[in-house]
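Have a look at data23.pdb below; it lists PDB, C-alpha atoms.
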MODEL        1
ATOM      1  CA  MET Y 157      60.522 -64.252 -42.611
ATOM      2  CA  ILE Y 158      56.882 -63.480 -43.233
ATOM      3  CA  MET Y 159      57.093 -60.562 -40.812
ATOM      4  CA  ARG Y 160      60.081 -59.156 -42.737
ATOM      5  CA  ILE Y 161      58.188 -59.400 -46.013
ATOM      6  CA  ASN Y 162      55.149 -57.694 -44.479
ATOM      7  CA  ALA Y 163      57.321 -54.932 -43.043
ATOM      8  CA  PHE Y 164      59.026 -54.448 -46.410
ATOM      9  CA  LEU Y 165      55.669 -54.250 -48.190
ATOM     10  CA  LEU Y 166      54.369 -51.774 -45.615
ATOM     11  CA  LEU Y 167      57.469 -49.607 -46.004
ATOM     12  CA  THR Y 168      57.174 -49.725 -49.797
ATOM     13  CA  LEU Y 169      53.526 -48.687 -49.591
ATOM     14  CA  LEU Y 170      54.311 -45.762 -47.301
ATOM     15  CA  VAL Y 171      57.134 -44.545 -49.564
ATOM     16  CA  SER Y 172      54.977 -44.794 -52.688
ATOM     17  CA  GLN Y 173      52.153 -42.861 -51.017
ATOM     18  CA  ALA Y 174      54.558 -40.155 -49.849
ATOM     19  CA  THR Y 175      56.047 -39.889 -53.332
ATOM     20  CA  ALA Y 176      52.606 -39.638 -54.927
ATOM     21  CA  PHE Y 177      51.580 -36.946 -52.430
ATOM     22  CA  ALA Y 178      54.763 -34.973 -53.086
ATOM     23  CA  GLN Y 179      54.268 -35.194 -56.866
ATOM     24  CA  GLU Y 180      50.652 -34.087 -56.512
ATOM     25  CA  GLU Y 181      51.683 -31.134 -54.349
ATOM     26  CA  ALA Y 182      54.451 -30.195 -56.766
ATOM     27  CA  THR Y 183      52.024 -30.425 -59.671
ATOM     28  CA  SER Y 184      49.584 -28.231 -57.757
ATOM     29  CA  ASP Y 185      52.327 -25.661 -57.031
ATOM     30  CA  THR Y 186      53.396 -25.703 -60.672
ATOM     31  CA  THR Y 187      49.820 -25.146 -61.741
ATOM     32  CA  VAL Y 188      49.559 -22.121 -59.446
ATOM     33  CA  GLN Y 189      52.867 -20.721 -60.666
ATOM     34  CA  GLU Y 190      52.047 -21.262 -64.322
ATOM     35  CA  LYS Y 191      48.658 -19.602 -64.107
ATOM     36  CA  PRO Y 192      48.732 -16.960 -66.862
ATOM     37  CA  LYS Y 193      48.782 -13.339 -65.784
ATOM     38  CA  GLU Y 194      46.098 -10.909 -66.890
ATOM     39  CA  LYS Y 195      47.358  -9.212 -70.056
ATOM     40  CA  PRO Y 196      46.170  -5.758 -71.135
ATOM     41  CA  VAL Y 197      44.592  -5.243 -74.533
ATOM     42  CA  ARG Y 198      46.334  -3.162 -77.140
ATOM     43  CA  PRO Y 199      45.669   0.575 -76.656
ATOM     44  CA  ALA Y 200      42.234   1.733 -77.743
ATOM     45  CA  PHE Y 201      43.785   4.459 -79.917
ATOM     46  CA  GLU Y 202      46.901   4.515 -82.055
ATOM     47  CA  SER Y 203      48.057   7.816 -80.538
ATOM     48  CA  GLY Y 204      47.851   9.607 -77.198
ATOM     49  CA  LEU Y 205      46.392  12.548 -79.132
ATOM     50  CA  LEU Y 206      43.165  12.792 -81.141
ATOM     51  CA  PHE Y 207      42.884  16.206 -82.864
ATOM     52  CA  ASP Y 208      43.374  18.567 -79.878
ATOM     53  CA  ALA Y 209      42.058  16.084 -77.305
ATOM     54  CA  ALA Y 210      43.841  13.428 -75.280
ATOM     55  CA  THR Y 211      43.111   9.708 -75.460
ATOM     56  CA  THR Y 212      43.626   7.009 -72.840
ATOM     57  CA  THR Y 213      46.672   5.707 -74.732
ATOM     58  CA  LEU Y 214      49.971   5.848 -72.832
ATOM     59  CA  TYR Y 215      53.276   4.691 -74.271
ATOM     60  CA  PRO Y 216      55.762   2.368 -72.520
ATOM     61  CA  SER Y 217      58.097   3.933 -69.967
ATOM     62  CA  LYS Y 218      61.077   5.917 -71.305
ATOM     63  CA  THR Y 219      59.202   6.861 -74.490
ATOM     64  CA  LEU Y 220      59.533  10.447 -75.785
ATOM     65  CA  GLU Y 221      56.832  11.855 -78.052
ATOM     66  CA  PHE Y 222      57.237  14.998 -80.170
ATOM     67  CA  VAL Y 223      53.939  16.645 -81.190
ATOM     68  CA  ILE Y 224      53.148  19.216 -83.896
ATOM     69  CA  GLN Y 225      49.548  20.497 -83.973
ATOM     70  CA  HIS Y 226      48.467  22.993 -86.635
ATOM     71  CA  ARG Y 227      45.090  24.653 -87.105
ATOM     72  CA  PHE Y 228      44.431  26.925 -90.107
ATOM     73  CA  GLY Y 229      41.911  29.770 -90.170
ATOM     74  CA  VAL Y 230      38.132  29.485 -90.590
ATOM     75  CA  ILE Y 231      37.082  28.617 -94.149
ATOM     76  CA  ASN Y 232      35.170  31.692 -95.339
ATOM     77  CA  VAL Y 233      33.045  30.233 -98.135
ATOM     78  CA  ASN Y 234      30.909  33.388 -98.431
ATOM     79  CA  ASP Y 235      33.807  35.856 -98.224
ATOM     80  CA  ASN Y 236      34.921  37.686-101.357
ATOM     81  CA  ASN Y 237      38.486  37.624-100.063
ATOM     82  CA  TYR Y 238      39.755  34.254-101.261
ATOM     83  CA  ASP Y 239      41.562  32.647 -98.324
ATOM     84  CA  MET Y 240      42.609  29.307 -99.857
ATOM     85  CA  ALA Y 241      40.321  27.227 -97.612
ATOM     86  CA  GLY Y 242      41.542  29.045 -94.521
ATOM     87  CA  ILE Y 243      45.217  28.374 -95.258
ATOM     88  CA  TRP Y 244      45.867  32.095 -95.792
ATOM     89  CA  GLY Y 245      43.881  33.001 -92.696
ATOM     90  CA  THR Y 246      45.044  33.311 -89.102
ATOM     91  CA  ALA Y 247      46.609  29.997 -88.095
ATOM     92  CA  ASN Y 248      47.367  28.504 -84.688
ATOM     93  CA  ILE Y 249      50.176  26.043 -83.932
ATOM     94  CA  ARG Y 250      51.456  24.107 -80.921
ATOM     95  CA  LEU Y 251      54.721  22.234 -80.345
ATOM     96  CA  GLY Y 252      54.894  19.729 -77.507
ATOM     97  CA  LEU Y 253      57.049  17.063 -75.873
ATOM     98  CA  ASN Y 254      55.596  14.188 -73.835
ATOM     99  CA  TYR Y 255      57.658  11.698 -71.831
ATOM    100  CA  SER Y 256      56.473   8.468 -70.215
ATOM    101  CA  ILE Y 257      58.133   8.332 -66.795
ATOM    102  CA  LEU Y 258      56.359   5.063 -65.964
ATOM    103  CA  LYS Y 259      54.190   2.733 -68.023
ATOM    104  CA  ASN Y 260      51.111   4.433 -66.539
ATOM    105  CA  LEU Y 261      52.381   8.023 -66.085
ATOM    106  CA  MET Y 262      53.178  10.650 -68.729
ATOM    107  CA  VAL Y 263      54.279  14.279 -68.299
ATOM    108  CA  GLY Y 264      54.436  16.873 -71.052
ATOM    109  CA  VAL Y 265      55.246  20.477 -71.921
ATOM    110  CA  GLY Y 266      54.209  22.612 -74.863
ATOM    111  CA  THR Y 267      53.920  26.088 -76.353
ATOM    112  CA  THR Y 268      51.062  27.500 -78.446
ATOM    113  CA  LYS Y 269      50.968  30.517 -80.754
ATOM    114  CA  PHE Y 270      47.657  32.020 -79.580
ATOM    115  CA  ASN Y 271      48.160  34.059 -76.396
ATOM    116  CA  LYS Y 272      51.705  32.656 -76.249
ATOM    117  CA  MET Y 273      50.344  29.860 -74.082
ATOM    118  CA  GLU Y 274      52.791  27.586 -72.269
ATOM    119  CA  ASP Y 275      51.404  24.355 -70.857
ATOM    120  CA  LEU Y 276      52.271  21.539 -68.489
ATOM    121  CA  GLN Y 277      50.463  18.223 -68.883
ATOM    122  CA  LEU Y 278      50.046  15.026 -66.898
ATOM    123  CA  LYS Y 279      48.315  11.782 -67.833
ATOM    124  CA  TYR Y 280      47.865   8.932 -65.341
ATOM    125  CA  ARG Y 281      46.282   5.566 -66.082
ATOM    126  CA  ILE Y 282      44.171   4.331 -63.160
ATOM    127  CA  ILE Y 283      43.077   0.954 -64.550
ATOM    128  CA  GLU Y 284      43.630  -0.815 -67.869
ATOM    129  CA  GLN Y 285      41.336  -3.015 -69.947
ATOM    130  CA  THR Y 286      42.382  -6.674 -70.016
ATOM    131  CA  ARG Y 287      42.131  -9.253 -72.790
ATOM    132  CA  SER Y 288      39.942 -11.503 -70.656
ATOM    133  CA  ASN Y 289      37.569  -8.560 -70.015
ATOM    134  CA  SER Y 290      37.931  -9.036 -66.266
ATOM    135  CA  ILE Y 291      38.572  -5.275 -66.473
ATOM    136  CA  PRO Y 292      36.331  -4.071 -69.338
ATOM    137  CA  VAL Y 293      37.566  -0.475 -69.704
ATOM    138  CA  THR Y 294      40.618   1.752 -69.362
ATOM    139  CA  ILE Y 295      40.331   4.814 -67.093
ATOM    140  CA  VAL Y 296      42.785   7.714 -67.290
ATOM    141  CA  LEU Y 297      43.104  11.045 -65.476
ATOM    142  CA  TYR Y 298      44.359  13.950 -67.596
ATOM    143  CA  GLU Y 299      45.474  17.402 -66.393
ATOM    144  CA  VAL Y 300      46.598  20.516 -68.297
ATOM    145  CA  VAL Y 301      47.912  23.698 -66.662
ATOM    146  CA  GLY Y 302      48.124  26.675 -69.035
ATOM    147  CA  ILE Y 303      50.130  29.880 -68.592
ATOM    148  CA  ASP Y 304      49.097  32.840 -70.755
ATOM    149  CA  GLY Y 305      52.220  34.578 -72.060
ATOM    150  CA  SER Y 306      50.468  37.781 -73.218
ATOM    151  CA  PRO Y 307      51.898  41.189 -72.150
ATOM    152  CA  ASP Y 308      51.157  42.380 -68.601
ATOM    153  CA  SER Y 309      48.910  45.103 -70.020
ATOM    154  CA  LYS Y 310      46.267  42.446 -70.769
ATOM    155  CA  TRP Y 311      45.485  42.422 -67.029
ATOM    156  CA  ASP Y 312      46.175  46.092 -66.256
ATOM    157  CA  GLY Y 313      43.002  48.181 -66.133
ATOM    158  CA  THR Y 314      42.784  51.885 -66.958
ATOM    159  CA  PRO Y 315      40.915  54.542 -64.919
ATOM    160  CA  ASP Y 316      38.050  54.637 -67.418
ATOM    161  CA  ALA Y 317      37.751  50.852 -67.769
ATOM    162  CA  VAL Y 318      34.523  49.186 -66.721
ATOM    163  CA  THR Y 319      36.531  46.821 -64.547
ATOM    164  CA  THR Y 320      39.916  47.809 -63.193
ATOM    165  CA  LYS Y 321      42.310  44.916 -62.648
ATOM    166  CA  SER Y 322      45.835  44.849 -61.314
ATOM    167  CA  TYR Y 323      48.360  42.439 -62.755
ATOM    168  CA  LYS Y 324      49.110  39.228 -60.892
ATOM    169  CA  PHE Y 325      50.979  36.243 -62.240
ATOM    170  CA  GLY Y 326      48.125  34.005 -61.098
ATOM    171  CA  ASN Y 327      45.842  35.793 -63.577
ATOM    172  CA  ARG Y 328      47.667  33.978 -66.356
ATOM    173  CA  MET Y 329      46.773  30.506 -65.105
ATOM    174  CA  SER Y 330      44.118  28.180 -66.502
ATOM    175  CA  TYR Y 331      43.351  24.555 -65.702
ATOM    176  CA  PHE Y 332      41.741  21.589 -67.431
ATOM    177  CA  THR Y 333      41.003  18.310 -65.610
ATOM    178  CA  GLN Y 334      39.440  15.344 -67.373
ATOM    179  CA  LEU Y 335      38.522  11.768 -66.503
ATOM    180  CA  MET Y 336      38.451   9.536 -69.596
ATOM    181  CA  VAL Y 337      36.991   6.041 -70.003
ATOM    182  CA  SER Y 338      37.722   4.018 -73.145
ATOM    183  CA  ARG Y 339      37.055   0.553 -74.486
ATOM    184  CA  ARG Y 340      38.640  -1.317 -77.367
ATOM    185  CA  PHE Y 341      35.781  -3.420 -78.745
ATOM    186  CA  ASN Y 342      37.822  -5.182 -81.438
ATOM    187  CA  ASP Y 343      40.681  -4.533 -83.845
ATOM    188  CA  GLN Y 344      38.590  -1.971 -85.727
ATOM    189  CA  LEU Y 345      36.415  -0.096 -83.239
ATOM    190  CA  SER Y 346      37.389   1.883 -80.127
ATOM    191  CA  LEU Y 347      35.293   4.434 -78.225
ATOM    192  CA  GLN Y 348      35.969   6.903 -75.423
ATOM    193  CA  VAL Y 349      33.846   9.168 -73.224
ATOM    194  CA  GLY Y 350      34.928  11.744 -70.680
ATOM    195  CA  GLY Y 351      33.918  14.477 -68.298
ATOM    196  CA  ALA Y 352      36.010  17.608 -67.729
ATOM    197  CA  PHE Y 353      36.241  20.750 -65.620
ATOM    198  CA  THR Y 354      37.876  23.939 -66.952
ATOM    199  CA  HIS Y 355      38.858  26.940 -64.828
ATOM    200  CA  TYR Y 356      40.419  30.306 -65.734
ATOM    201  CA  ASN Y 357      41.753  32.435 -62.874
ATOM    202  CA  CYS Y 358      40.995  35.664 -64.719
ATOM    203  CA  VAL Y 359      38.350  36.454 -67.368
ATOM    204  CA  ASP Y 360      36.437  39.527 -68.510
ATOM    205  CA  SER Y 361      33.425  40.244 -66.325
ATOM    206  CA  VAL Y 362      30.899  39.016 -68.901
ATOM    207  CA  TYR Y 363      32.328  35.495 -68.984
ATOM    208  CA  ASN Y 364      32.436  32.523 -66.629
ATOM    209  CA  HIS Y 365      35.537  31.387 -64.810
ATOM    210  CA  ASP Y 366      34.412  27.759 -64.878
ATOM    211  CA  ARG Y 367      33.032  25.315 -67.394
ATOM    212  CA  VAL Y 368      31.962  21.687 -67.146
ATOM    213  CA  SER Y 369      32.003  19.673 -70.363
ATOM    214  CA  VAL Y 370      31.464  16.152 -71.654
ATOM    215  CA  SER Y 371      33.272  14.557 -74.576
ATOM    216  CA  PHE Y 372      33.341  11.534 -76.828
ATOM    217  CA  ALA Y 373      35.932  10.118 -79.229
ATOM    218  CA  GLY Y 374      35.877   7.238 -81.658
ATOM    219  CA  ARG Y 375      38.172   5.416 -84.030
ATOM    220  CA  TYR Y 376      37.296   2.938 -86.785
ATOM    221  CA  LYS Y 377      40.281   1.250 -88.384
ATOM    222  CA  PHE Y 378      39.641   0.339 -92.013
ATOM    223  CA  THR Y 379      43.192  -0.644 -93.054
ATOM    224  CA  PRO Y 380      46.235  -1.729 -90.996
ATOM    225  CA  GLN Y 381      47.532   1.866 -91.032
ATOM    226  CA  MET Y 382      44.464   4.068 -91.599
ATOM    227  CA  SER Y 383      41.503   4.952 -89.388
ATOM    228  CA  PHE Y 384      38.497   7.233 -89.461
ATOM    229  CA  ILE Y 385      38.479   9.362 -86.304
ATOM    230  CA  LEU Y 386      35.785  11.519 -84.729
ATOM    231  CA  SER Y 387      35.471  13.561 -81.534
ATOM    232  CA  GLY Y 388      33.228  16.104 -79.843
ATOM    233  CA  ASP Y 389      33.560  18.312 -76.752
ATOM    234  CA  PHE Y 390      30.323  19.781 -75.431
ATOM    235  CA  PRO Y 391      30.334  22.611 -72.833
ATOM    236  CA  LEU Y 392      27.435  22.429 -70.396
ATOM    237  CA  ASP Y 393      25.534  25.535 -69.325
ATOM    238  CA  LEU Y 394      25.229  24.824 -65.604
ATOM    239  CA  LYS Y 395      23.746  27.750 -63.723
ATOM    240  CA  ASN Y 396      25.056  26.725 -60.313
ATOM    241  CA  ILE Y 397      28.685  27.270 -61.358
ATOM    242  CA  GLN Y 398      28.135  30.569 -63.181
ATOM    243  CA  ASP Y 399      29.545  33.704 -61.633
ATOM    244  CA  TYR Y 400      29.336  36.164 -64.544
ATOM    245  CA  LYS Y 401      27.184  36.048 -67.633
ATOM    246  CA  LYS Y 402      25.033  38.724 -69.258
ATOM    247  CA  ASP Y 403      21.600  37.878 -70.603
ATOM    248  CA  ALA Y 404      20.818  37.550 -74.296
ATOM    249  CA  ALA Y 405      19.425  41.115 -74.474
ATOM    250  CA  SER Y 406      22.908  42.493 -73.793
ATOM    251  CA  ASN Y 407      24.117  41.253 -77.194
ATOM    252  CA  THR Y 408      27.191  39.761 -75.543
ATOM    253  CA  VAL Y 409      28.881  36.988 -77.505
ATOM    254  CA  ILE Y 410      29.073  33.921 -75.294
ATOM    255  CA  TYR Y 411      31.673  31.364 -76.298
ATOM    256  CA  ASP Y 412      30.007  28.027 -75.690
ATOM    257  CA  LYS Y 413      29.889  26.213 -79.037
ATOM    258  CA  PRO Y 414      30.824  22.518 -79.078
ATOM    259  CA  ASN Y 415      34.176  21.585 -80.553
ATOM    260  CA  ILE Y 416      33.540  18.896 -83.178
ATOM    261  CA  ALA Y 417      36.243  17.272 -85.309
ATOM    262  CA  ALA Y 418      36.363  14.518 -87.926
ATOM    263  CA  GLY Y 419      39.205  13.213 -90.039
ATOM    264  CA  VAL Y 420      41.615  10.451 -90.987
ATOM    265  CA  GLU Y 421      44.570   9.037 -89.073
ATOM    266  CA  ILE Y 422      47.589   7.354 -90.661
ATOM    267  CA  ALA Y 423      49.692   5.534 -88.060
ATOM    268  CA  THR Y 424      52.887   3.490 -87.963
ATOM    269  CA  SER Y 425      54.877   2.104 -85.047
ATOM    270  CA  ALA Y 426      56.622   5.473 -84.515
ATOM    271  CA  HIS Y 427      54.418   8.075 -86.238
ATOM    272  CA  ALA Y 428      50.827   9.270 -86.285
ATOM    273  CA  PHE Y 429      49.467  11.757 -88.819
ATOM    274  CA  HIS Y 430      46.008  13.371 -88.627
ATOM    275  CA  ILE Y 431      44.305  15.438 -91.297
ATOM    276  CA  TYR Y 432      40.854  16.690 -90.309
ATOM    277  CA  VAL Y 433      38.248  19.436 -90.093
ATOM    278  CA  ALA Y 434      37.260  20.952 -86.738
ATOM    279  CA  SER Y 435      35.300  23.877 -85.344
ATOM    280  CA  ALA Y 436      37.611  25.278 -82.619
ATOM    281  CA  GLN Y 437      40.792  27.188 -83.397
ATOM    282  CA  GLY Y 438      42.142  26.863 -79.875
ATOM    283  CA  ILE Y 439      44.426  23.864 -79.453
ATOM    284  CA  LEU Y 440      44.711  23.468 -75.690
ATOM    285  CA  PRO Y 441      41.557  21.766 -74.362
ATOM    286  CA  GLN Y 442      40.669  24.634 -71.994
ATOM    287  CA  GLU Y 443      40.811  27.065 -74.925
ATOM    288  CA  SER Y 444      38.535  25.021 -77.174
ATOM    289  CA  THR Y 445      36.143  24.311 -74.292
ATOM    290  CA  MET Y 446      35.884  27.889 -72.982
ATOM    291  CA  TRP Y 447      36.285  30.147 -76.009
ATOM    292  CA  ASN Y 448      35.002  28.393 -79.129
ATOM    293  CA  LYS Y 449      32.557  30.581 -81.075
ATOM    294  CA  ASN Y 450      32.472  28.563 -84.335
ATOM    295  CA  ASP Y 451      29.481  26.396 -85.211
ATOM    296  CA  PHE Y 452      30.602  23.253 -87.055
ATOM    297  CA  PHE Y 453      27.251  22.902 -88.854
ATOM    298  CA  HIS Y 454      26.974  26.574 -89.868
ATOM    299  CA  GLY Y 455      30.216  27.373 -91.619
ATOM    300  CA  GLY Y 456      32.578  27.330 -88.641
ATOM    301  CA  ILE Y 457      35.063  24.840 -90.051
ATOM    302  CA  LEU Y 458      38.871  24.829 -89.996
ATOM    303  CA  ILE Y 459      41.407  22.432 -91.487
ATOM    304  CA  GLY Y 460      43.885  20.876 -89.055
ATOM    305  CA  LEU Y 461      47.023  18.744 -89.181
ATOM    306  CA  ASN Y 462      48.777  16.761 -86.428
ATOM    307  CA  ILE Y 463      52.100  14.924 -86.570
ATOM    308  CA  THR Y 464      53.589  12.849 -83.740
ATOM    309  CA  ARG Y 465      56.960  11.063 -83.567
ATOM    310  CA  LEU Y 466      58.115   8.528 -80.943
ATOM    311  CA  TRP Y 467      61.588   7.666 -79.630
ATOM    312  CA  ASN Y 468      62.374   4.907 -77.121
ATOM    313  CA  PHE Y 469      65.335   5.243 -74.727
TER     314      PHE Y 469
ENDMDL
END
Please go through the file and, once you have read it, give me the structure as structure tokens.
Amino acid sequence: MIMRINAFLLLTLLVSQATAFAQEEATSDTTVQEKPKEKPVRPAFESGLLFDAATTTLYPSKTLEFVIQHRFGVINVNDNNYDMAGIWGTANIRLGLNYSILKNLMVGVGTTKFNKMEDLQLKYRIIEQTRSNSIPVTIVLYEVVGIDGSPDSKWDGTPDAVTTKSYKFGNRMSYFTQLMVSRRFNDQLSLQVGGAFTHYNCVDSVYNHDRVSVSFAGRYKFTPQMSFILSGDFPLDLKNIQDYKKDAASNTVIYDKPNIAAGVEIATSAHAFHIYVASAQGILPQESTMWNKNDFFHGGILIGLNITRLWNF
């Protein structure tokens, strides 16, 4: 009898230990499964566009963005011909469509008034800032391919020309590649820096084919819908990538002024509206990097407007 009781107690002990072990293992598995995933922060910028520059913001997959970018003429404050703050001057405009194929990949197309430029764009997010700051920044690669739609005669030389050129379709091509790094510090402040390389297949002999530039962008949100925005693109004069450039004594105008812009953004869930002043009249980034001749701090100011609209499919 005593042996039966001891056996029963031993069996009960073994079963209870096994049950406790199983519960502990199940609890451990549950803990592993319920471990929260790393969540990304909200985008550093309200829009994928800041003036004529890109930001690290990408929209969810299957999002279509329609973009209108408008740049009026230079404000001629010392000109006797009243130009209504540049509104009556020569204006530039671009229409574009961007589509998010994946949550981290966007492709776009656009057309610009100056030089009848057509463009293809690609934006790819490499890493994304997380809420826990285990990843402290967002890094994005941005590419723009431009196609100059000017008449063929732009590339056809004449017998008495200093440089005789024959037309090739490749002459129309230009490229802009940029690596951008951004950080959302809090609900109000976001900053971005970047480095870019611009290349034109064909330029006049006094200009460079290539340009390296650095950029910055910032946003300070002062109401739920409104932000102060600022950006600057600075071409670098690197001698080791220069192939053509006359010296200062030649009186040649060299287009290497920084493109600086400042303004206000009004954003909703589906729209973004920018009103601002800037120094470059080119809208594509390779245009404003390579050909800007306006000095923001010496009267080279233009008024600009941007409107974006989002649709989700």
Shell of 7 Å around segment 297-299 of chain Y, all atoms listed in the file, local chain residues under 4 positions omitted, as a PDB file with C-alpha atoms, in the frame of the given file:
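Output contents, as saved in out-v8.pdb:
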ATOM      1  CA  GLN Y 277      50.463  18.223 -68.883  1.00  0.00           C
ATOM      2  CA  LEU Y 278      50.046  15.026 -66.898  1.00  0.00           C
ATOM      3  CA  LYS Y 279      48.315  11.782 -67.833  1.00  0.00           C
ATOM      4  CA  TYR Y 280      47.865   8.932 -65.341  1.00  0.00           C
ATOM      5  CA  ARG Y 281      46.282   5.566 -66.082  1.00  0.00           C
ATOM      6  CA  PHE Y 332      41.741  21.589 -67.431  1.00  0.00           C
ATOM      7  CA  THR Y 333      41.003  18.310 -65.610  1.00  0.00           C
ATOM      8  CA  GLN Y 334      39.440  15.344 -67.373  1.00  0.00           C
ATOM      9  CA  LEU Y 335      38.522  11.768 -66.503  1.00  0.00           C
ATOM     10  CA  MET Y 336      38.451   9.536 -69.596  1.00  0.00           C
TER      11      MET Y 336
END
Have a look at atom CA of Met382 of chain Y and atom CA of Ser425 of chain Y and let me know their distance in Å, one decimal.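 Going from atom CA of Met382 of chain Y over to atom CA of Ser425 of chain Y covers 12.5 Å.
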Write out as a VMD selection string each polymer residue whose atoms come within 9 Å of Thr445 of chain Y, counting all atoms listed in the file; drop sequence neighbours fewer than 5 positions from it. chain Y and resid 354 367 to 369 389 to 391 411 to 415 436 438 440
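If you look at atom CA of Arg227 of chain Y and atom CA of Asp451 of chain Y, they are 15.8 Å away from each other.
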Evaluated on this file, the PyMOL selection byres ((chain Y and resi 246) around 9) picks out some residues - which ones are they, written as a ChimeraX atom specification? /Y:227-230,242-245,247-248
Just give me the gap between atom CA of Thr219 of chain Y and atom CA of Tyr255 of chain Y in Å, one decimal is fine.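 Going from atom CA of Thr219 of chain Y over to atom CA of Tyr255 of chain Y covers 5.7 Å.
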So which one's closest to Leu214 of chain Y, Y:Ile291, Y:Ala373, Y:Leu466, Y:Ile422? Using all atoms listed in the file, please.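 Ranking Y:Ile291, Y:Ala373, Y:Leu466, Y:Ile422 by distance to Leu214 of chain Y, first place goes to Y:Leu466.
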Within 12 Å of Asn468 of chain Y using all atoms listed in the file, minus same-chain residues under 3 positions, as a list in words: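 After dropping sequence-adjacent residues, the list is Tyr215, Pro216, Ser217, Lys218, Thr219, Leu220, Glu221, Phe222, Asn254, Tyr255, Ser256, Ile257, Ser425, Ala426 and Arg465 of chain Y.
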How would you write as a ChimeraX atom specification the residues that get within 7 Å of (43.4, 10.5, -90.9) in the file's frame, counting all atoms listed in the file? /Y:382-385,419-422,429-432
Taking into account only C-alpha atoms, which residue in the set Y:Gly302, Y:Ile282, Y:Arg287, Y:Tyr331 is nearest to Gly266 of chain Y?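 Going through Y:Gly302, Y:Ile282, Y:Arg287, Y:Tyr331 one by one, the smallest distance to Gly266 of chain Y is for Y:Gly302.
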Can you tell me which residues surround Asn271 of chain Y at a distance of at most 12 Å, considering only C-alpha atoms, apart from same-chain residues fewer than 4 positions away, and format the answer as a count of residues only? 19
Can you work out which one of Y:Ala434, Y:Gly204, Y:Ala418, Y:Val370 has the shortest atom-to-atom distance to Leu458 of chain Y, counting all atoms listed in the file? Y:Ala434
On this structure, which residues satisfy the PyMOL selection byres ((chain Y and resi 205) around 10), written as a list in words?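 Written out, the selection comes to Phe201, Glu202, Ser203, Gly204, Leu206, Phe207, Asp208, Ala209, Ala210, Thr211, Thr212, Thr213, Leu214, Val223, Gln225, Ala428, His430, Asn462, Ile463 and Thr464 of chain Y.
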Rank Y:Gln348, Y:Ser435, Y:Ser371, Y:Asn260 by their smallest atom-to-atom distance to Glu284 of chain Y, using all atoms listed in the file, and report the top residue only. Y:Asn260
Protein, DNA and RNA residues within 12 Å of (39.7, -1.5, -76.0), only C-alpha atoms, as a VMD selection string: chain Y and resid 196 to 202 211 to 213 284 to 289 291 to 295 337 to 348 374 to 376
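Comparing the minimum interatomic distances between Gly350 of chain Y and each of Y:Ser387, Y:Asn396, Y:Asn448, Y:Ser322, counting only C-alpha atoms, we find that Y:Ser387 sits nearest.
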Closest of Y:Gln437, Y:Leu261, Y:Ser444, Y:Leu276 to Leu461 of chain Y - atom-to-atom distances counting all atoms listed in the file: Y:Gln437
